[in-house]
$ cat structure-v5.pdb   # PDB, C-alpha atoms (C1' of nucleotides)
ATOM      1  CA  MET K  14      30.380  -1.173 -31.179
ATOM      2  CA  GLU K  15      27.515  -1.714 -33.600
ATOM      3  CA  LYS K  16      25.538   1.457 -33.664
ATOM      4  CA  LYS K  17      21.823   0.993 -34.076
ATOM      5  CA  GLU K  18      20.214   3.174 -36.680
ATOM      6  CA  ALA K  19      17.358   5.338 -35.504
ATOM      7  CA  LYS K  20      15.026   3.570 -37.889
ATOM      8  CA  THR K  21      15.411   0.267 -36.107
ATOM      9  CA  LEU K  22      13.828   1.665 -32.964
ATOM     10  CA  PRO K  23      10.079   1.626 -33.571
ATOM     11  CA  TYR K  24       9.316   2.397 -29.937
ATOM     12  CA  GLU K  25      11.109   3.559 -26.837
ATOM     13  CA  SER K  26      14.050   1.604 -25.564
ATOM     14  CA  ASP K  27      14.095   0.015 -22.117
ATOM     15  CA  VAL K  28      15.244   2.989 -20.158
ATOM     16  CA  CYS K  29      15.038   6.687 -20.806
ATOM     17  CA  GLU K  30      18.637   7.358 -21.679
ATOM     18  CA  ALA K  31      18.945   9.453 -24.755
ATOM     19  CA  SER K  32      16.118  11.950 -24.855
ATOM     20  CA  TYR K  33      15.971  15.549 -23.798
ATOM     21  CA  VAL K  34      16.469  15.104 -20.108
ATOM     22  CA  ASP K  35      17.418  18.158 -18.112
ATOM     23  CA  GLN K  36      20.644  16.640 -16.832
ATOM     24  CA  ASP K  37      21.532  19.381 -14.387
ATOM     25  CA  LYS K  38      18.127  19.386 -12.784
ATOM     26  CA  VAL K  39      18.032  15.592 -12.581
ATOM     27  CA  LEU K  40      21.469  15.402 -11.014
ATOM     28  CA  SER K  41      20.612  18.066  -8.499
ATOM     29  CA  VAL K  42      17.446  16.195  -7.467
ATOM     30  CA  LEU K  43      19.401  12.976  -7.323
ATOM     31  CA  ARG K  44      21.896  14.516  -4.913
ATOM     32  CA  GLY K  45      19.067  15.644  -2.646
ATOM     33  CA  MET K  46      17.484  12.152  -2.594
ATOM     34  CA  LYS K  47      17.673  10.081   0.566
ATOM     35  CA  ASN K  48      19.519   6.848   0.076
ATOM     36  CA  GLU K  49      17.757   3.824  -1.310
ATOM     37  CA  SER K  50      17.207   2.022   1.995
ATOM     38  CA  VAL K  51      15.580   5.049   3.592
ATOM     39  CA  MET K  52      13.267   5.440   0.603
ATOM     40  CA  GLN K  53      12.433   1.754   0.870
ATOM     41  CA  ARG K  54      11.624   2.142   4.537
ATOM     42  CA  ILE K  55       9.362   5.116   3.869
ATOM     43  CA  ALA K  56       7.510   3.217   1.156
ATOM     44  CA  GLU K  57       7.127   0.224   3.433
ATOM     45  CA  THR K  58       5.729   2.331   6.256
ATOM     46  CA  PHE K  59       3.144   3.966   4.034
ATOM     47  CA  LYS K  60       2.255   0.633   2.498
ATOM     48  CA  VAL K  61       1.587  -0.892   5.892
ATOM     49  CA  LEU K  62      -0.657   2.031   6.791
ATOM     50  CA  GLY K  63      -2.377   1.700   3.423
ATOM     51  CA  ASP K  64      -4.545  -1.340   4.014
ATOM     52  CA  PRO K  65      -8.109  -0.563   5.179
ATOM     53  CA  THR K  66      -8.057  -3.152   7.945
ATOM     54  CA  ARG K  67      -4.738  -1.915   9.284
ATOM     55  CA  THR K  68      -5.787   1.700   8.916
ATOM     56  CA  LYS K  69      -8.795   0.996  11.099
ATOM     57  CA  ILE K  70      -6.751  -0.943  13.637
ATOM     58  CA  ILE K  71      -4.356   1.977  13.970
ATOM     59  CA  TYR K  72      -7.187   4.435  14.257
ATOM     60  CA  ALA K  73      -8.918   2.353  16.908
ATOM     61  CA  LEU K  74      -5.692   1.981  18.876
ATOM     62  CA  SER K  75      -5.137   5.712  18.709
ATOM     63  CA  SER K  76      -8.059   6.134  21.057
ATOM     64  CA  ALA K  77      -7.725   3.088  23.317
ATOM     65  CA  GLU K  78      -5.669   0.064  24.224
ATOM     66  CA  LEU K  79      -7.512  -2.974  22.862
ATOM     67  CA  CYS K  80      -7.206  -6.746  22.731
ATOM     68  CA  VAL K  81      -7.454  -8.860  19.577
ATOM     69  CA  CYS K  82     -11.023  -9.784  20.357
ATOM     70  CA  ASP K  83     -12.063  -6.170  20.843
ATOM     71  CA  LEU K  84     -10.551  -5.290  17.485
ATOM     72  CA  ALA K  85     -12.214  -8.230  15.749
ATOM     73  CA  SER K  86     -15.540  -7.184  17.196
ATOM     74  CA  LEU K  87     -14.968  -3.550  16.295
ATOM     75  CA  LEU K  88     -14.044  -4.261  12.691
ATOM     76  CA  ALA K  89     -16.521  -7.115  12.305
ATOM     77  CA  THR K  90     -13.926  -9.615  11.187
ATOM     78  CA  THR K  91     -12.196 -12.719  12.518
ATOM     79  CA  ARG K  92      -9.591 -12.852  15.258
ATOM     80  CA  SER K  93      -7.332 -14.604  12.797
ATOM     81  CA  ALA K  94      -7.462 -11.799  10.252
ATOM     82  CA  ILE K  95      -6.757  -9.228  12.947
ATOM     83  CA  SER K  96      -3.916 -11.278  14.342
ATOM     84  CA  HIS K  97      -2.259 -11.567  10.941
ATOM     85  CA  GLN K  98      -2.450  -7.811  10.454
ATOM     86  CA  LEU K  99      -1.215  -7.078  13.959
ATOM     87  CA  ARG K 100       1.879  -9.090  13.251
ATOM     88  CA  ILE K 101       2.649  -6.864  10.288
ATOM     89  CA  LEU K 102       2.096  -3.758  12.393
ATOM     90  CA  ARG K 103       4.282  -5.235  15.141
ATOM     91  CA  ASN K 104       7.082  -5.985  12.684
ATOM     92  CA  MET K 105       7.015  -2.397  11.496
ATOM     93  CA  ARG K 106       7.087  -1.197  15.117
ATOM     94  CA  LEU K 107       3.829   0.661  14.677
ATOM     95  CA  VAL K 108       2.133  -1.074  17.597
ATOM     96  CA  LYS K 109       3.308  -2.568  20.849
ATOM     97  CA  TYR K 110       1.638  -5.144  23.095
ATOM     98  CA  ARG K 111       1.196  -6.143  26.705
ATOM     99  CA  LYS K 112       0.173  -9.607  27.895
ATOM    100  CA  GLU K 113      -2.296 -10.124  30.699
ATOM    101  CA  GLY K 114      -3.260 -13.731  31.297
ATOM    102  CA  LYS K 115      -4.472 -15.150  28.038
ATOM    103  CA  MET K 116      -5.315 -11.737  26.649
ATOM    104  CA  VAL K 117      -2.954  -9.511  24.693
ATOM    105  CA  PHE K 118      -3.522  -5.764  24.705
ATOM    106  CA  TYR K 119      -2.263  -3.676  21.819
ATOM    107  CA  SER K 120      -1.492   0.026  21.638
ATOM    108  CA  LEU K 121       0.317   2.458  19.359
ATOM    109  CA  ASP K 122       4.082   2.384  19.525
ATOM    110  CA  ASP K 123       4.715   6.122  19.482
ATOM    111  CA  GLY K 124       3.161   9.501  18.826
ATOM    112  CA  HIS K 125       4.462   9.967  15.304
ATOM    113  CA  ILE K 126       1.898   7.544  13.976
ATOM    114  CA  ARG K 127      -0.897   9.652  15.354
ATOM    115  CA  ASN K 128       0.677  12.713  13.715
ATOM    116  CA  LEU K 129       0.988  10.906  10.394
ATOM    117  CA  PHE K 130      -2.657  10.020  10.606
ATOM    118  CA  ASN K 131      -3.764  13.532  11.422
ATOM    119  CA  GLU K 132      -1.635  15.022   8.672
ATOM    120  CA  CYS K 133      -3.220  12.616   6.208
ATOM    121  CA  LEU K 134      -6.666  13.542   7.444
ATOM    122  CA  ARG K 135      -5.871  17.206   6.946
ATOM    123  CA  HIS K 136      -4.825  16.521   3.364
ATOM    124  CA  ILE K 137      -8.059  14.709   2.673
ATOM    125  CA  GLU K 138     -10.179  17.410   4.222
ATOM    126  CA  GLU K 139      -8.414  20.127   2.269
ATOM    127  CA  GLU K 140      -8.899  18.042  -0.854
ATOM    128  CA  GLU K 141     -12.613  17.911  -0.102
ATOM    129  CA  TYR K 142     -12.660  21.650   0.395
ATOM    130  CA  ASP K 143     -10.812  22.333  -2.879
ATOM    131  CA  ARG K 144     -13.332  20.297  -4.772
ATOM    132  CA  TYR K 145     -16.128  22.686  -3.859
ATOM    133  CA  ASP K 146     -13.949  25.769  -4.045
ATOM    134  CA  THR K 147     -12.903  25.535  -7.689
ATOM    135  CA  GLY K 148     -15.199  27.337 -10.080
ATOM    136  CA  THR K 149     -15.324  30.667  -8.295
ATOM    137  CA  SER K 150     -13.203  33.636  -9.344
TER     138      SER K 150
ATOM    139  CA  MET T  14     -33.944 -22.986  14.355
ATOM    140  CA  GLU T  15     -31.472 -25.801  14.712
ATOM    141  CA  LYS T  16     -29.199 -24.878  17.519
ATOM    142  CA  LYS T  17     -25.633 -26.015  17.096
ATOM    143  CA  GLU T  18     -24.129 -27.747  20.082
ATOM    144  CA  ALA T  19     -20.946 -26.269  21.454
ATOM    145  CA  LYS T  20     -19.142 -29.495  20.623
ATOM    146  CA  THR T  21     -19.747 -29.007  16.914
ATOM    147  CA  LEU T  22     -17.642 -25.869  16.913
ATOM    148  CA  PRO T  23     -14.081 -27.107  16.898
ATOM    149  CA  TYR T  24     -12.726 -23.673  16.035
ATOM    150  CA  GLU T  25     -13.747 -20.042  16.109
ATOM    151  CA  SER T  26     -16.858 -18.948  14.277
ATOM    152  CA  ASP T  27     -16.740 -16.447  11.429
ATOM    153  CA  VAL T  28     -16.879 -13.294  13.436
ATOM    154  CA  CYS T  29     -15.967 -12.478  16.999
ATOM    155  CA  GLU T  30     -19.447 -12.186  18.454
ATOM    156  CA  ALA T  31     -19.713 -14.063  21.672
ATOM    157  CA  SER T  32     -16.474 -13.786  23.575
ATOM    158  CA  TYR T  33     -15.349 -11.522  26.332
ATOM    159  CA  VAL T  34     -15.357  -8.241  24.482
ATOM    160  CA  ASP T  35     -15.242  -5.074  26.535
ATOM    161  CA  GLN T  36     -18.491  -3.747  25.083
ATOM    162  CA  ASP T  37     -18.308  -0.303  26.630
ATOM    163  CA  LYS T  38     -14.788   0.307  25.469
ATOM    164  CA  VAL T  39     -15.529  -0.994  21.981
ATOM    165  CA  LEU T  40     -18.638   1.132  21.640
ATOM    166  CA  SER T  41     -16.807   4.205  22.821
ATOM    167  CA  VAL T  42     -14.025   3.657  20.273
ATOM    168  CA  LEU T  43     -16.610   3.009  17.590
ATOM    169  CA  ARG T  44     -18.295   6.322  18.301
ATOM    170  CA  GLY T  45     -14.976   8.142  17.969
ATOM    171  CA  MET T  46     -14.228   6.463  14.615
ATOM    172  CA  LYS T  47     -14.376   8.528  11.446
ATOM    173  CA  ASN T  48     -16.994   7.268   9.026
ATOM    174  CA  GLU T  49     -16.211   4.437   6.661
ATOM    175  CA  SER T  50     -15.590   6.565   3.573
ATOM    176  CA  VAL T  51     -13.068   8.764   5.348
ATOM    177  CA  MET T  52     -11.222   5.703   6.626
ATOM    178  CA  GLN T  53     -11.233   4.322   3.108
ATOM    179  CA  ARG T  54      -9.800   7.557   1.778
ATOM    180  CA  ILE T  55      -7.028   7.572   4.371
ATOM    181  CA  ALA T  56      -6.113   3.988   3.560
ATOM    182  CA  GLU T  57      -6.095   4.763  -0.138
ATOM    183  CA  THR T  58      -3.836   7.762   0.330
ATOM    184  CA  PHE T  59      -1.303   5.799   2.346
ATOM    185  CA  LYS T  60      -1.462   2.942  -0.116
ATOM    186  CA  VAL T  61      -0.677   5.232  -3.021
ATOM    187  CA  LEU T  62       2.307   6.625  -1.131
ATOM    188  CA  GLY T  63       3.361   3.090  -0.259
ATOM    189  CA  ASP T  64       4.820   1.946  -3.553
ATOM    190  CA  PRO T  65       8.590   2.449  -3.902
ATOM    191  CA  THR T  66       8.349   3.946  -7.386
ATOM    192  CA  ARG T  67       5.654   6.370  -6.349
ATOM    193  CA  THR T  68       7.441   7.204  -3.113
ATOM    194  CA  LYS T  69      10.486   8.198  -5.134
ATOM    195  CA  ILE T  70       8.438  10.181  -7.627
ATOM    196  CA  ILE T  71       6.882  12.143  -4.792
ATOM    197  CA  TYR T  72      10.211  12.697  -3.147
ATOM    198  CA  ALA T  73      11.761  13.881  -6.415
ATOM    199  CA  LEU T  74       8.861  16.226  -7.088
ATOM    200  CA  SER T  75       9.171  17.655  -3.600
ATOM    201  CA  SER T  76      12.422  19.245  -4.665
ATOM    202  CA  ALA T  77      11.695  20.165  -8.296
ATOM    203  CA  GLU T  78       9.129  20.271 -11.058
ATOM    204  CA  LEU T  79       9.980  17.462 -13.482
ATOM    205  CA  CYS T  80       8.777  15.964 -16.738
ATOM    206  CA  VAL T  81       8.070  12.276 -17.333
ATOM    207  CA  CYS T  82      11.373  11.827 -19.065
ATOM    208  CA  ASP T  83      13.334  13.401 -16.201
ATOM    209  CA  LEU T  84      11.605  11.086 -13.747
ATOM    210  CA  ALA T  85      12.253   8.029 -15.895
ATOM    211  CA  SER T  86      15.901   8.966 -16.104
ATOM    212  CA  LEU T  87      16.092   9.675 -12.377
ATOM    213  CA  LEU T  88      14.524   6.384 -11.343
ATOM    214  CA  ALA T  89      16.161   4.380 -14.126
ATOM    215  CA  THR T  90      12.926   3.012 -15.473
ATOM    216  CA  THR T  91      10.705   3.421 -18.531
ATOM    217  CA  ARG T  92       8.559   6.431 -19.378
ATOM    218  CA  SER T  93       5.616   4.069 -19.562
ATOM    219  CA  ALA T  94       6.048   2.833 -16.014
ATOM    220  CA  ILE T  95       6.367   6.399 -14.743
ATOM    221  CA  SER T  96       3.359   7.502 -16.715
ATOM    222  CA  HIS T  97       1.204   4.742 -15.273
ATOM    223  CA  GLN T  98       2.226   5.705 -11.751
ATOM    224  CA  LEU T  99       1.709   9.399 -12.391
ATOM    225  CA  ARG T 100      -1.847   8.699 -13.400
ATOM    226  CA  ILE T 101      -2.477   7.081 -10.044
ATOM    227  CA  LEU T 102      -0.909  10.038  -8.249
ATOM    228  CA  ARG T 103      -2.962  12.414 -10.375
ATOM    229  CA  ASN T 104      -6.181  10.601  -9.594
ATOM    230  CA  MET T 105      -5.452  10.896  -5.897
ATOM    231  CA  ARG T 106      -4.698  14.599  -6.360
ATOM    232  CA  LEU T 107      -1.217  14.169  -4.997
ATOM    233  CA  VAL T 108       0.429  15.723  -8.038
ATOM    234  CA  LYS T 109      -0.595  18.315 -10.563
ATOM    235  CA  TYR T 110       0.734  18.941 -14.072
ATOM    236  CA  ARG T 111       1.414  21.684 -16.551
ATOM    237  CA  LYS T 112       1.737  21.162 -20.293
ATOM    238  CA  GLU T 113       4.376  22.918 -22.328
ATOM    239  CA  GLY T 114       4.437  21.831 -25.940
ATOM    240  CA  LYS T 115       4.821  18.101 -26.022
ATOM    241  CA  MET T 116       6.282  17.974 -22.541
ATOM    242  CA  VAL T 117       4.282  17.604 -19.346
ATOM    243  CA  PHE T 118       5.732  18.927 -16.115
ATOM    244  CA  TYR T 119       4.624  17.454 -12.836
ATOM    245  CA  SER T 120       4.753  18.908  -9.333
ATOM    246  CA  LEU T 121       3.273  18.226  -5.916
ATOM    247  CA  ASP T 122      -0.337  19.213  -5.462
ATOM    248  CA  ASP T 123      -0.051  20.748  -2.003
ATOM    249  CA  GLY T 124       2.162  21.116   1.020
ATOM    250  CA  HIS T 125       0.501  18.434   3.154
ATOM    251  CA  ILE T 126       2.199  15.739   1.150
ATOM    252  CA  ARG T 127       5.583  17.132   2.002
ATOM    253  CA  ASN T 128       4.554  17.211   5.675
ATOM    254  CA  LEU T 129       3.349  13.632   5.528
ATOM    255  CA  PHE T 130       6.665  12.632   4.082
ATOM    256  CA  ASN T 131       8.685  14.455   6.701
ATOM    257  CA  GLU T 132       6.571  13.071   9.532
ATOM    258  CA  CYS T 133       7.153   9.569   8.187
ATOM    259  CA  LEU T 134      10.869  10.226   7.972
ATOM    260  CA  ARG T 135      10.889  11.368  11.573
ATOM    261  CA  HIS T 136       9.155   8.154  12.638
ATOM    262  CA  ILE T 137      11.739   6.074  10.831
ATOM    263  CA  GLU T 138      14.644   8.003  12.287
ATOM    264  CA  GLU T 139      13.275   7.694  15.811
ATOM    265  CA  GLU T 140      12.778   3.999  15.202
ATOM    266  CA  GLU T 141      16.408   3.723  14.225
ATOM    267  CA  TYR T 142      17.394   5.577  17.372
ATOM    268  CA  ASP T 143      15.239   3.364  19.612
ATOM    269  CA  ARG T 144      16.870   0.279  18.216
ATOM    270  CA  TYR T 145      20.236   1.292  19.604
ATOM    271  CA  ASP T 146      18.791   2.799  22.734
ATOM    272  CA  THR T 147      17.128  -0.312  24.145
ATOM    273  CA  GLY T 148      19.201  -2.343  26.525
ATOM    274  CA  THR T 149      20.015   0.404  28.967
ATOM    275  CA  SER T 150      17.703   0.913  31.899
TER     276      SER T 150
ATOM    277  C1'  DC P  16      -5.996 -33.448  34.043
ATOM    278  C1'  DT P  17      -9.301 -31.540  30.837
ATOM    279  C1'  DA P  18     -12.269 -28.203  28.725
ATOM    280  C1'  DA P  19     -12.627 -23.643  27.215
ATOM    281  C1'  DC P  20     -10.876 -19.762  25.459
ATOM    282  C1'  DA P  21      -7.423 -15.880  23.466
ATOM    283  C1'  DG P  22      -4.291 -15.576  20.352
ATOM    284  C1'  DT P  23      -0.905 -17.141  16.720
ATOM    285  C1'  DT P  24       0.373 -19.292  12.646
ATOM    286  C1'  DG P  25       0.789 -21.898   8.019
ATOM    287  C1'  DA P  26      -1.269 -23.218   3.696
ATOM    288  C1'  DA P  27      -4.279 -22.182   0.035
ATOM    289  C1'  DC P  28      -6.899 -19.252  -2.700
ATOM    290  C1'  DA P  29      -8.778 -15.247  -4.953
ATOM    291  C1'  DA P  30      -7.964 -10.573  -5.855
ATOM    292  C1'  DT P  31      -5.084  -6.780  -6.661
ATOM    293  C1'  DT P  32      -1.000  -4.615  -8.345
ATOM    294  C1'  DG P  33       3.241  -2.949 -11.028
ATOM    295  C1'  DT P  34       5.811  -3.551 -15.039
ATOM    296  C1'  DT P  35       6.523  -4.586 -19.843
ATOM    297  C1'  DC P  36       5.275  -4.530 -24.571
ATOM    298  C1'  DA P  37       2.948  -2.477 -28.207
ATOM    299  C1'  DT P  38       0.104   0.932 -29.911
ATOM    300  C1'  DT P  39      -2.016   5.469 -29.931
ATOM    301  C1'  DT P  40      -2.532  10.600 -29.209
ATOM    302  C1'  DG P  41      -0.964  15.040 -29.742
ATOM    303  C1'  DT P  42       2.634  18.471 -30.687
ATOM    304  C1'  DT P  43       6.627  20.305 -33.100
ATOM    305  C1'  DT P  44       9.607  20.747 -36.976
ATOM    306  C1'  DG P  45      11.536  19.875 -41.567
TER     307       DG P  45
ATOM    308  C1'  DC Z   3       2.217  16.213 -45.108
ATOM    309  C1'  DA Z   4       5.533  13.125 -42.760
ATOM    310  C1'  DA Z   5       8.963  12.148 -39.354
ATOM    311  C1'  DA Z   6      10.255  12.510 -34.642
ATOM    312  C1'  DC Z   7       9.341  12.683 -30.116
ATOM    313  C1'  DA Z   8       6.815  13.059 -25.233
ATOM    314  C1'  DA Z   9       3.403  11.110 -23.066
ATOM    315  C1'  DA Z  10      -0.666   8.190 -22.281
ATOM    316  C1'  DT Z  11      -2.869   3.885 -22.431
ATOM    317  C1'  DG Z  12      -4.663  -1.117 -22.905
ATOM    318  C1'  DA Z  13      -3.628  -5.918 -22.534
ATOM    319  C1'  DA Z  14      -1.003  -9.451 -20.527
ATOM    320  C1'  DC Z  15       1.793 -11.360 -17.152
ATOM    321  C1'  DA Z  16       4.218 -12.347 -12.885
ATOM    322  C1'  DA Z  17       4.406 -11.181  -8.187
ATOM    323  C1'  DT Z  18       2.418  -9.772  -3.994
ATOM    324  C1'  DT Z  19      -1.264  -9.461  -0.734
ATOM    325  C1'  DG Z  20      -5.364 -10.220   2.524
ATOM    326  C1'  DT Z  21      -8.594 -13.422   4.062
ATOM    327  C1'  DT Z  22     -10.265 -17.900   5.247
ATOM    328  C1'  DC Z  23      -9.791 -22.404   7.020
ATOM    329  C1'  DA Z  24      -7.612 -25.423  10.065
ATOM    330  C1'  DA Z  25      -4.525 -26.537  13.427
ATOM    331  C1'  DC Z  26      -1.706 -25.302  17.268
ATOM    332  C1'  DT Z  27       0.223 -22.801  21.739
ATOM    333  C1'  DG Z  28      -0.412 -21.198  26.122
ATOM    334  C1'  DT Z  29      -3.288 -19.739  30.041
ATOM    335  C1'  DT Z  30      -7.264 -20.097  33.226
ATOM    336  C1'  DA Z  31     -10.818 -22.470  35.699
ATOM    337  C1'  DG Z  32     -13.559 -26.611  36.972
TER     338       DG Z  32
END

$ encode --input "structure-v5.pdb" --output "structure tokens"
Amino acid sequence: MEKKEAKTLPYESDVCEASYVDQDKVLSVLRGMKNESVMQRIAETFKVLGDPTRTKIIYALSSAELCVCDLASLLATTRSAISHQLRILRNMRLVKYRKEGKMVFYSLDDGHIRNLFNECLRHIEEEEYDRYDTGTS
Amino acid sequence: MEKKEAKTLPYESDVCEASYVDQDKVLSVLRGMKNESVMQRIAETFKVLGDPTRTKIIYALSSAELCVCDLASLLATTRSAISHQLRILRNMRLVKYRKEGKMVFYSLDDGHIRNLFNECLRHIEEEEYDRYDTGTS
DNA sequence: CTAACAGTTGAACAATTGTTCATTTGTTTG
DNA sequence: CAAACAAATGAACAATTGTTCAACTGTTAG
């Protein structure tokens, strides 16, 4: 039970335990939190959408069904790089595919992804607007 | 002008240039694409939302205004780690802050972020549903 | 069958990223 | 002023990530 004296703590301890935390507020937020695995899944989804190459693939597929070679040409990169990224998108069920001979055509898996994209775009545009709006008044 | 013989190309060249690309389709998609900097901004936004710690911070802030110490307590991590992540969220204008004495209270910057979050959640829930729905025809 | 091609994949490498540790800044209080 | 505390920050480190290179699978056409 050795109690550490305050003096022996020159900087913060590992985890914020002691300080003036608003316990009630924190507990209330904690209760409203989705469970860990859902949070993990959300983070993962955003992360997958957060790579420039994948972002562009998704955007391209939101306007047409395309094969690997089309995408490579469109994004000026190799088929290999595209293929690696498509696998990640496939695993996250963000895109689906259809085989036709030796070609494989990819498209978006569902409409939510398009919505996510548009919502993000709206945020960015509003951000842009705000930047020029501040200063008046 | 040394022309390489086909035989000296045992595998694909750097970029998909030659092959059977549907030029019309690709050009049409390309025209519909947002410009590079917008795409970059979208990717960046998703990326920032795509780290588990930041995802949780955002989610927590979507239900209450909190200080660094509250967040550290809530996520069971150090104030330093939270502070580093908050800077990133600040830079992307996803959160705003308000100083009160030596405390700093953070909150979401605008409503779009909440929408983005909810849209993502809906995608995940539908995904979950689909997984148990497949098999029947 | 063989050559050519679309796509996939594994290994390796460089680049980026998140956390920790330690220090610093700025505010409040004794 | 000095001690105490919230928060911010820089450096360092381990872990993760995206691309490239090279090889491989499977399909089509001569």

$ axis_aligned_box --input "structure-v5.pdb" --around "segment 83-94 of chain K" --padding-each-side "3 Å" --output "JSON"
{"center_x": -11.9, "center_y": -9.1, "center_z": 15.5, "size_x": 15.2, "size_y": 17.1, "size_z": 16.6}

$ resolve_selection --input "structure-v5.pdb" --expression "the PyMOL selection byres ((chain T) within 9 of (chain Z))" --output "JSON, numbers by chain"
{"T": [24, 81, 82, 92, 93, 96, 97, 100, 115, 116, 117]}

$ closest_residue --input "structure-v5.pdb" --among "K:Arg127, K:Lys112, K:Arg67, K:Lys38" --to "chain P" --atoms "only C-alpha atoms (C1' of nucleotides)"
K:Lys112

$ closest_atom_pairs --input "structure-v5.pdb" --of "chain T" --to "chain K" --cutoff "7 Å" --atoms "all atoms listed in the file" --output "CSV"
residue,atom,partner,partner_atom,distance
T:Asp27,CA,K:Thr91,CA,6.0
T:Val28,CA,K:Thr91,CA,4.8
T:Cys29,CA,K:Ser86,CA,5.3
T:Glu30,CA,K:Ser86,CA,6.5
T:Val34,CA,K:Asp83,CA,5.3
T:Asp35,CA,K:Asp83,CA,6.6
T:Val39,CA,K:Leu87,CA,6.3
T:Val42,CA,K:Ala73,CA,6.3
T:Leu43,CA,K:Leu87,CA,6.9
T:Met52,CA,K:Lys69,CA,6.9
T:Gln53,CA,K:Pro65,CA,6.2
T:Ile55,CA,K:Cys133,CA,6.6
T:Ala56,CA,K:Gly63,CA,4.4
T:Glu57,CA,K:Gly63,CA,6.0
T:Thr58,CA,K:Gly63,CA,7.0
T:Phe59,CA,K:Gly63,CA,4.4
T:Lys60,CA,K:Gly63,CA,3.9
T:Leu62,CA,K:Phe59,CA,5.9
T:Gly63,CA,K:Lys60,CA,3.9
T:Asp64,CA,K:Ala56,CA,5.6
T:Pro65,CA,K:Ala56,CA,5.2
T:Thr68,CA,K:Ala56,CA,5.8
T:Lys69,CA,K:Met52,CA,6.9
T:Ala73,CA,K:Val42,CA,6.2
T:Ser76,CA,K:Val42,CA,6.5
T:Cys82,CA,K:Val34,CA,6.1
T:Asp83,CA,K:Val34,CA,5.3
T:Ala85,CA,K:Cys29,CA,5.8
T:Ser86,CA,K:Cys29,CA,5.3
T:Leu87,CA,K:Val39,CA,6.2
T:Ala89,CA,K:Val28,CA,6.3
T:Thr90,CA,K:Val28,CA,5.2
T:Thr91,CA,K:Val28,CA,4.8
T:Arg92,CA,K:Cys29,CA,6.6
T:His125,CA,K:His136,CA,5.7
T:Leu129,CA,K:Glu132,CA,6.1
T:Glu132,CA,K:Leu129,CA,6.0
T:Cys133,CA,K:Ile55,CA,6.6
T:Leu134,CA,K:Ile55,CA,6.7
T:His136,CA,K:His125,CA,5.7

$ interface_residues --input "structure-v5.pdb" --of "chain P" --to "chain T" --cutoff "12 Å" --atoms "all atoms listed in the file" --output "PyMOL selection string"
chain P and resi 18-22+32-37+40-43

$ atom_distance --input "structure-v5.pdb" --atom1 "atom CA of Asn104 of chain K" --atom2 "atom CA of Ser50 of chain K"
16.8 Å

$ atom_distance --input "structure-v5.pdb" --atom1 "atom CA of Arg44 of chain T" --atom2 "atom CA of Leu99 of chain K"
22.1 Å

$ atom_distance --input "structure-v5.pdb" --atom1 "atom CA of Val108 of chain K" --atom2 "atom C1' of DT31 of chain P"
25.9 Å

$ build_atoms --input "structure-v5.pdb" --residues "segment 62-70 of chain K" --atoms "N, CA, C and O atoms" --output "PDB file, in the frame of the given file"
ATOM      1  N   LEU K  62       0.477   1.206   6.358  1.00  0.00           N
ATOM      2  CA  LEU K  62      -0.657   2.031   6.791  1.00  0.00           C
ATOM      3  C   LEU K  62      -1.762   2.050   5.740  1.00  0.00           C
ATOM      4  O   LEU K  62      -2.868   2.510   6.003  1.00  0.00           O
ATOM      5  N   GLY K  63      -1.472   1.543   4.550  1.00  0.00           N
ATOM      6  CA  GLY K  63      -2.377   1.700   3.423  1.00  0.00           C
ATOM      7  C   GLY K  63      -3.367   0.577   3.191  1.00  0.00           C
ATOM      8  O   GLY K  63      -4.000   0.523   2.147  1.00  0.00           O
ATOM      9  N   ASP K  64      -3.509  -0.317   4.135  1.00  0.00           N
ATOM     10  CA  ASP K  64      -4.545  -1.340   4.014  1.00  0.00           C
ATOM     11  C   ASP K  64      -5.710  -0.981   4.936  1.00  0.00           C
ATOM     12  O   ASP K  64      -5.493  -0.657   6.108  1.00  0.00           O
ATOM     13  N   PRO K  65      -6.944  -1.010   4.405  1.00  0.00           N
ATOM     14  CA  PRO K  65      -8.109  -0.563   5.179  1.00  0.00           C
ATOM     15  C   PRO K  65      -8.211  -1.199   6.562  1.00  0.00           C
ATOM     16  O   PRO K  65      -8.498  -0.510   7.540  1.00  0.00           O
ATOM     17  N   THR K  66      -7.972  -2.489   6.643  1.00  0.00           N
ATOM     18  CA  THR K  66      -8.057  -3.152   7.945  1.00  0.00           C
ATOM     19  C   THR K  66      -7.016  -2.584   8.909  1.00  0.00           C
ATOM     20  O   THR K  66      -7.326  -2.249  10.056  1.00  0.00           O
ATOM     21  N   ARG K  67      -5.798  -2.445   8.419  1.00  0.00           N
ATOM     22  CA  ARG K  67      -4.738  -1.915   9.284  1.00  0.00           C
ATOM     23  C   ARG K  67      -4.982  -0.452   9.619  1.00  0.00           C
ATOM     24  O   ARG K  67      -4.750  -0.021  10.758  1.00  0.00           O
ATOM     25  N   THR K  68      -5.469   0.296   8.660  1.00  0.00           N
ATOM     26  CA  THR K  68      -5.787   1.700   8.916  1.00  0.00           C
ATOM     27  C   THR K  68      -6.765   1.798  10.083  1.00  0.00           C
ATOM     28  O   THR K  68      -6.579   2.594  10.999  1.00  0.00           O
ATOM     29  N   LYS K  69      -7.779   0.952  10.046  1.00  0.00           N
ATOM     30  CA  LYS K  69      -8.795   0.996  11.099  1.00  0.00           C
ATOM     31  C   LYS K  69      -8.228   0.536  12.431  1.00  0.00           C
ATOM     32  O   LYS K  69      -8.572   1.075  13.480  1.00  0.00           O
ATOM     33  N   ILE K  70      -7.381  -0.478  12.394  1.00  0.00           N
ATOM     34  CA  ILE K  70      -6.751  -0.943  13.637  1.00  0.00           C
ATOM     35  C   ILE K  70      -5.974   0.209  14.272  1.00  0.00           C
ATOM     36  O   ILE K  70      -6.115   0.498  15.457  1.00  0.00           O
TER      37      ILE K  70
END
